[in-house]
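Enquirer: My questions all concern the structure below.
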Amino acid sequence: MTQPAGARFGETGGFVPPVYPYERLHGLADEAAALPGGLVDLSVGTPCDPPPVAVVEALGSSGAERGYPSSAGSARLLDAARAWVERRFGVLLGRDAVAACVGTKELVAGLPHWLRLRRPSRDTVLYPAVSYPTYAMGAVLAGCRAVPVPARPDGSLDLDAVAAEDLARALCLYSNSPANPTGCLDDLEAAARFGREHGIPVISDECYVEFTWEGKARTILEHGLDGLVALHSISKRSNCAGLRLGFYCGDPELVAYLVEVRRHAGFMVPGPVQLAGAVALEDDEHVERQRDRYSERLARLAEVLQALGSAVDRPAGGLYLWAPAPARPDGGDAWEFAGRLARTGGALVSPGDLYGPGGAGQVRVAAVQPMERIELVARRLGR
């Protein structure tokens with residue numbers, strides 16, 4: 001069992017929150033910002049490109065400001081989500097199999113708590129060993145055990161490595177494909193089969209699926225709905241991270257349970273945001289343009305890092321490079337490499353141990369800056 005770095009319980013037994021992972025980068029950010037031309041922030045996946053004009057216009061034209069919005073999601077939003085899933089993956093969903101959430105991070109952080117209320121005899125969250133920190137933190141916040149699952153050489157979850165005791169206590173299993181931070185693609189069919197064999201709900205985080213570079217985009221729901229929930233978001237596909245809108249879909253029984261729990265807790269996506277989200281999901285052309293931007297940036301950033309001696313490859317999916325720190329005579333590690341990129345190139349990147357101990361020795365580089373800013377980093381480093 002592990003817990004997020006720095007998480008601990010105080011002398012009275014109360015929870016003491018750890019430092020938020022990206023707060024640890026302030027010193028590097030200050031060094032990068034001191035260079036002429038300033039900081040080039042490649043540490044967090046915050047989109048830099050504009051959202052579709054129609055999405056912005058929808059925010060001011062919904063007429064939904066006065067009343068309370070639907071917690072499950074408006075009919076138009078749910079139908080837009082269902083239609084997108086059918087277009088993208090060929091999977092048909094009823095309206096009872098999809099619901100809105102206030103960004104998928106909210107859902108990931110809350111799921112262990114809500115699922116434990118449903119099955120109080122279980123207390124273990126299985127999650128990828130190198131992953132988005134909120135999987136483990138959500139477990140800790142729910143008073144659960146956070147148990148990492150190692151990856152196979154191809155990046156898929158090594159489900160055979162899960163101990164029998166952890167299987168018996170498992171509340172859910174998280175899969176993330178394409179994965180943050182590694183960009184690897186999971187074996188979703190194997191994850192679905194594993195969950196059903198052991199009676200464990202599988203939560204498939206597919207928020208980067210629009211940026212699948214190897215093969216076609218996949219969802220776990222291609223393997224049925226029973227025991228499965230897929231998470232999706234407009235944050236990256238439509239450059240709308242600030243709207244805080246995602247949706248979850250899959251097993252109608254699980255979706256209905258989560259809708260009711262969240263309704264009682266008052267979780268609601270604002271009405272204007274629901275209309276804007278529907279408009280975003282109804283259009284695919286802007287996503288194709290965004291795919292081209294990220295593809296170009298990833299290729300250029302890989303060239304820049306390779307010139308420094310990093311054996312980095314383009315990812316199978318996602319908008320991050322998972323770059324090994326170059327070998328150095330002085331034994332430099334990921335934090336040393338991140339410091340060198342900040343001081344010399346003005347680039348802020350995330351050392352890999354922010355995503356679990358298994359990430360040590362790597363840095364995550366987000367392709368979220370315009371090409372002219374990436375070229376600025378390249379020129380600085382080229383000196």
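In the structure tokens, chains take the letters A, B, ... in the order shown, each chain's residues start at 1, and ligands count up from 1 in the order shown.
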List as JSON, numbers by chain the protein and nucleic acid residues near region 181-190 of chain A, meaning an atom at most 10 Å away when only C-alpha atoms are counted, but skip any in the same chain fewer than 3 places from it.

Expert: {"A": [130, 131, 132, 151, 152, 154, 155, 156, 157, 158, 159, 175, 176, 177, 178, 193, 194, 195, 202, 204, 208, 209, 211, 212, 213, 214, 215, 217, 218, 219, 220, 221, 222, 223, 224, 314, 315, 316, 317, 318, 319, 320, 321, 322, 323, 350, 352, 354, 355, 359, 362, 363, 364, 365, 366]}

Enquirer: Tell me, as number ranges by chain, which residues lie within 9 Å of region 107-118 of chain A, counting only C-alpha atoms; anything in the same chain fewer than 2 positions away does not count.

Expert: A: 101-105, 120-125, 134-144, 171-172, 203, 205, 231, 246, 248, 257-258, 261-262

Enquirer: Out of region 122-280 of chain A, which residues get strand (DSSP E) from DSSP, as a PyMOL selection string?

Expert: chain A and resi 124-128+145-149+170-176+202-205+228-233+246-250

Enquirer: What's around Arg87 (chain A) at 12 Å? Count only C-alpha atoms, leave out sequence neighbours fewer than 5 positions away in its own chain, and write the answer as a ChimeraX atom specification.

Expert: /A:80-82,92-93,217-218,281-284

Enquirer: For the residues in the current selection, export N, CA and C atoms as a short mmCIF file (atom, residue, chain, number, x, y, z; two decimals), in the first residue's frame.

Expert:
```cif
data_model
loop_
_atom_site.label_atom_id
_atom_site.label_comp_id
_atom_site.auth_asym_id
_atom_site.auth_seq_id
_atom_site.Cartn_x
_atom_site.Cartn_y
_atom_site.Cartn_z
N ALA A 80 -25.68 14.81 -26.56
CA ALA A 80 -24.44 15.13 -27.25
C ALA A 80 -23.33 14.17 -26.86
N ALA A 81 -23.27 13.83 -25.56
CA ALA A 81 -22.26 12.88 -25.10
C ALA A 81 -22.50 11.50 -25.71
N ARG A 82 -23.76 11.07 -25.72
CA ARG A 82 -24.09 9.75 -26.30
C ARG A 82 -23.75 9.71 -27.78
N LEU A 92 -23.29 2.23 -28.51
CA LEU A 92 -24.60 2.85 -28.28
C LEU A 92 -24.90 2.87 -26.79
N LEU A 93 -25.31 4.03 -26.28
CA LEU A 93 -25.63 4.19 -24.87
C LEU A 93 -27.04 4.74 -24.72
N ALA A 217 -8.70 5.28 -31.68
CA ALA A 217 -9.12 5.59 -30.32
C ALA A 217 -9.99 4.46 -29.79
N ARG A 218 -9.78 4.09 -28.52
CA ARG A 218 -10.52 2.97 -27.94
C ARG A 218 -11.16 3.39 -26.62
N LEU A 281 -19.17 19.07 -27.75
CA LEU A 281 -19.22 17.65 -28.09
C LEU A 281 -19.90 17.41 -29.44
N GLU A 282 -20.71 18.35 -29.89
CA GLU A 282 -21.41 18.18 -31.16
C GLU A 282 -20.51 18.46 -32.37
N ASP A 283 -19.33 19.02 -32.13
CA ASP A 283 -18.43 19.38 -33.23
C ASP A 283 -17.11 18.63 -33.12
N ASP A 284 -16.67 18.03 -34.22
CA ASP A 284 -15.40 17.29 -34.24
C ASP A 284 -14.30 18.01 -35.01
#
```

Enquirer: Hey, what does DSSP flag as alpha helix (DSSP H) within region 57-248 of chain A? Can you give it to me as JSON, numbers by chain?

Expert: {"A": [57, 58, 59, 75, 76, 77, 78, 79, 80, 81, 82, 83, 84, 85, 86, 87, 88, 89, 104, 105, 106, 107, 108, 109, 110, 111, 112, 113, 114, 115, 116, 117, 118, 134, 135, 136, 137, 138, 139, 140, 141, 164, 165, 166, 167, 168, 169, 188, 189, 190, 191, 192, 193, 194, 195, 196, 197, 198]}

Enquirer: Could you turn the residues from that selection into a file that holds C-alpha atoms, as an mmCIF file, in the first residue's frame?

Expert:
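Just written: again.cif:
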```cif
data_model
loop_
_atom_site.group_PDB
_atom_site.id
_atom_site.type_symbol
_atom_site.label_atom_id
_atom_site.label_comp_id
_atom_site.auth_asym_id
_atom_site.auth_seq_id
_atom_site.Cartn_x
_atom_site.Cartn_y
_atom_site.Cartn_z
ATOM 1 C CA GLU A 57 -21.000 32.160 -27.387
ATOM 2 C CA ALA A 58 -23.127 29.404 -25.861
ATOM 3 C CA LEU A 59 -22.038 30.458 -22.369
ATOM 4 C CA ALA A 75 -31.069 16.359 -22.165
ATOM 5 C CA ARG A 76 -29.020 18.135 -24.813
ATOM 6 C CA LEU A 77 -25.731 17.546 -23.009
ATOM 7 C CA LEU A 78 -26.437 13.855 -22.390
ATOM 8 C CA ASP A 79 -27.559 13.352 -25.981
ATOM 9 C CA ALA A 80 -24.439 15.133 -27.255
ATOM 10 C CA ALA A 81 -22.264 12.876 -25.102
ATOM 11 C CA ARG A 82 -24.086 9.753 -26.296
ATOM 12 C CA ALA A 83 -23.806 10.812 -29.922
ATOM 13 C CA TRP A 84 -20.070 11.508 -29.525
ATOM 14 C CA VAL A 85 -19.475 8.059 -27.992
ATOM 15 C CA GLU A 86 -21.333 6.464 -30.891
ATOM 16 C CA ARG A 87 -19.425 8.480 -33.524
ATOM 17 C CA ARG A 88 -16.042 7.954 -31.924
ATOM 18 C CA PHE A 89 -16.294 4.336 -30.834
ATOM 19 C CA THR A 104 -13.435 14.470 -14.131
ATOM 20 C CA LYS A 105 -10.975 15.326 -11.356
ATOM 21 C CA GLU A 106 -13.924 15.936 -9.039
ATOM 22 C CA LEU A 107 -15.281 12.515 -9.920
ATOM 23 C CA VAL A 108 -11.943 10.714 -9.528
ATOM 24 C CA ALA A 109 -11.379 12.320 -6.121
ATOM 25 C CA GLY A 110 -14.872 11.416 -4.890
ATOM 26 C CA LEU A 111 -15.430 7.959 -6.342
ATOM 27 C CA PRO A 112 -13.676 5.928 -3.614
ATOM 28 C CA HIS A 113 -15.782 7.607 -0.919
ATOM 29 C CA TRP A 114 -19.065 7.018 -2.774
ATOM 30 C CA LEU A 115 -18.225 3.460 -3.795
ATOM 31 C CA ARG A 116 -17.234 2.605 -0.236
ATOM 32 C CA LEU A 117 -20.640 3.780 0.968
ATOM 33 C CA ARG A 118 -22.068 1.266 -1.505
ATOM 34 C CA THR A 134 -5.601 12.073 -7.792
ATOM 35 C CA TYR A 135 -6.197 8.319 -8.088
ATOM 36 C CA ALA A 136 -4.187 7.681 -4.920
ATOM 37 C CA MET A 137 -5.265 10.876 -3.194
ATOM 38 C CA GLY A 138 -8.952 10.092 -3.737
ATOM 39 C CA ALA A 139 -8.411 6.797 -1.945
ATOM 40 C CA VAL A 140 -6.654 8.490 0.979
ATOM 41 C CA LEU A 141 -9.395 11.120 1.287
ATOM 42 C CA ALA A 164 -5.020 -12.030 -3.470
ATOM 43 C CA GLU A 165 -5.629 -9.975 -0.311
ATOM 44 C CA ASP A 166 -5.919 -6.790 -2.345
ATOM 45 C CA LEU A 167 -8.301 -8.463 -4.794
ATOM 46 C CA ALA A 168 -10.583 -9.509 -1.946
ATOM 47 C CA ARG A 169 -10.676 -5.960 -0.578
ATOM 48 C CA LEU A 188 -8.820 -2.358 -21.957
ATOM 49 C CA GLU A 189 -10.263 -5.749 -22.821
ATOM 50 C CA ALA A 190 -8.030 -7.378 -20.202
ATOM 51 C CA ALA A 191 -9.026 -4.753 -17.615
ATOM 52 C CA ALA A 192 -12.730 -5.326 -18.299
ATOM 53 C CA ARG A 193 -12.334 -9.096 -18.037
ATOM 54 C CA PHE A 194 -10.305 -8.769 -14.810
ATOM 55 C CA GLY A 195 -12.936 -6.561 -13.199
ATOM 56 C CA ARG A 196 -15.785 -8.935 -14.033
ATOM 57 C CA GLU A 197 -13.889 -12.031 -12.918
ATOM 58 C CA HIS A 198 -13.274 -10.502 -9.483
#
```

Enquirer: Using only C-alpha atoms, can you tell me which of A:Glu375, A:Ala34, A:Ile234, A:Val149 comes closest to Gly358 (chain A)?

Expert: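 Of A:Glu375, A:Ala34, A:Ile234, A:Val149, the one nearest Gly358 (chain A), counting only C-alpha atoms, is A:Val149.
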
Enquirer: Skip Gln290 (chain A) itself and residues of its chain fewer than 2 positions away, then list as a PDB file with C-alpha atoms, in the first residue's frame all residues within 12 Å of it, counting only C-alpha atoms.

Expert:
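The file below, part38.pdb, is the result:
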```pdb
ATOM      1  CA  PRO A  47      -4.466  24.246 -22.878  1.00  0.00           C
ATOM      2  CA  CYS A  48      -3.075  27.404 -24.465  1.00  0.00           C
ATOM      3  CA  ASP A  49      -5.203  27.366 -27.610  1.00  0.00           C
ATOM      4  CA  PRO A  50      -8.606  29.059 -27.931  1.00  0.00           C
ATOM      5  CA  PRO A  51     -11.841  27.116 -27.527  1.00  0.00           C
ATOM      6  CA  PRO A  52     -14.339  27.108 -30.416  1.00  0.00           C
ATOM      7  CA  GLU A 210      -8.967  12.144 -28.738  1.00  0.00           C
ATOM      8  CA  PHE A 211      -5.163  12.278 -28.908  1.00  0.00           C
ATOM      9  CA  LYS A 236      -8.267  18.921 -23.519  1.00  0.00           C
ATOM     10  CA  ARG A 237     -10.270  18.095 -26.677  1.00  0.00           C
ATOM     11  CA  SER A 238     -11.961  21.518 -26.751  1.00  0.00           C
ATOM     12  CA  ASN A 239      -9.522  23.688 -24.757  1.00  0.00           C
ATOM     13  CA  ASP A 284     -15.405  17.292 -34.237  1.00  0.00           C
ATOM     14  CA  GLU A 285     -13.652  19.637 -36.672  1.00  0.00           C
ATOM     15  CA  HIS A 286     -12.023  21.765 -33.991  1.00  0.00           C
ATOM     16  CA  VAL A 287     -10.652  18.593 -32.378  1.00  0.00           C
ATOM     17  CA  GLU A 288      -8.932  17.566 -35.614  1.00  0.00           C
ATOM     18  CA  ASP A 292      -2.537  18.591 -35.579  1.00  0.00           C
ATOM     19  CA  ARG A 293      -1.229  21.217 -33.151  1.00  0.00           C
ATOM     20  CA  TYR A 294      -0.312  18.677 -30.489  1.00  0.00           C
ATOM     21  CA  SER A 295       1.254  16.311 -33.005  1.00  0.00           C
ATOM     22  CA  GLU A 296       3.522  19.083 -34.319  1.00  0.00           C
ATOM     23  CA  ARG A 297       4.508  20.239 -30.827  1.00  0.00           C
ATOM     24  CA  GLY A 318      -1.819  11.972 -24.960  1.00  0.00           C
ATOM     25  CA  LEU A 319      -0.185  15.368 -25.074  1.00  0.00           C
ATOM     26  CA  ALA A 367       2.977  20.161 -25.314  1.00  0.00           C
ATOM     27  CA  VAL A 368       0.789  23.057 -24.233  1.00  0.00           C
ATOM     28  CA  PRO A 370       2.616  27.627 -28.960  1.00  0.00           C
TER      29      PRO A 370
END
```

Enquirer: Between CA of Gly227 (chain A) and CA of Ile200 (chain A), what distance in Å does the model show, to one decimal?

Expert: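 It comes out at 7.2 Å.
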
Enquirer: Measuring between only C-alpha atoms, which one of A:Gly382, A:Pro133, A:Gly38, A:Pro252 shows the shortest distance to Leu228 (chain A)?

Expert: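 Among the listed residues, A:Pro252 lies closest to Leu228 (chain A).
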
Enquirer: Could you please determine the separation between CA of Glu253 (chain A) and CA of Val91 (chain A) in Å, to one decimal place?

Expert: 17.5 Å

Enquirer: Could you check how far CA of Arg24 (chain A) sits from CA of Leu305 (chain A), in Å to one decimal?

Expert: 22.4 Å

Enquirer: Fewer than 5 positions away in the same chain doesn't count, so skip those; otherwise give me all residues within 7 Å of region 60-73 of chain A, counting only C-alpha atoms, as a list of chain:residue names.

Expert: A:Leu78, A:Ala99, A:Ala100, A:Val259, A:Arg263, A:Phe267, A:Met268, A:Val269, A:Pro270, A:Gly271, A:Pro272, A:Leu275
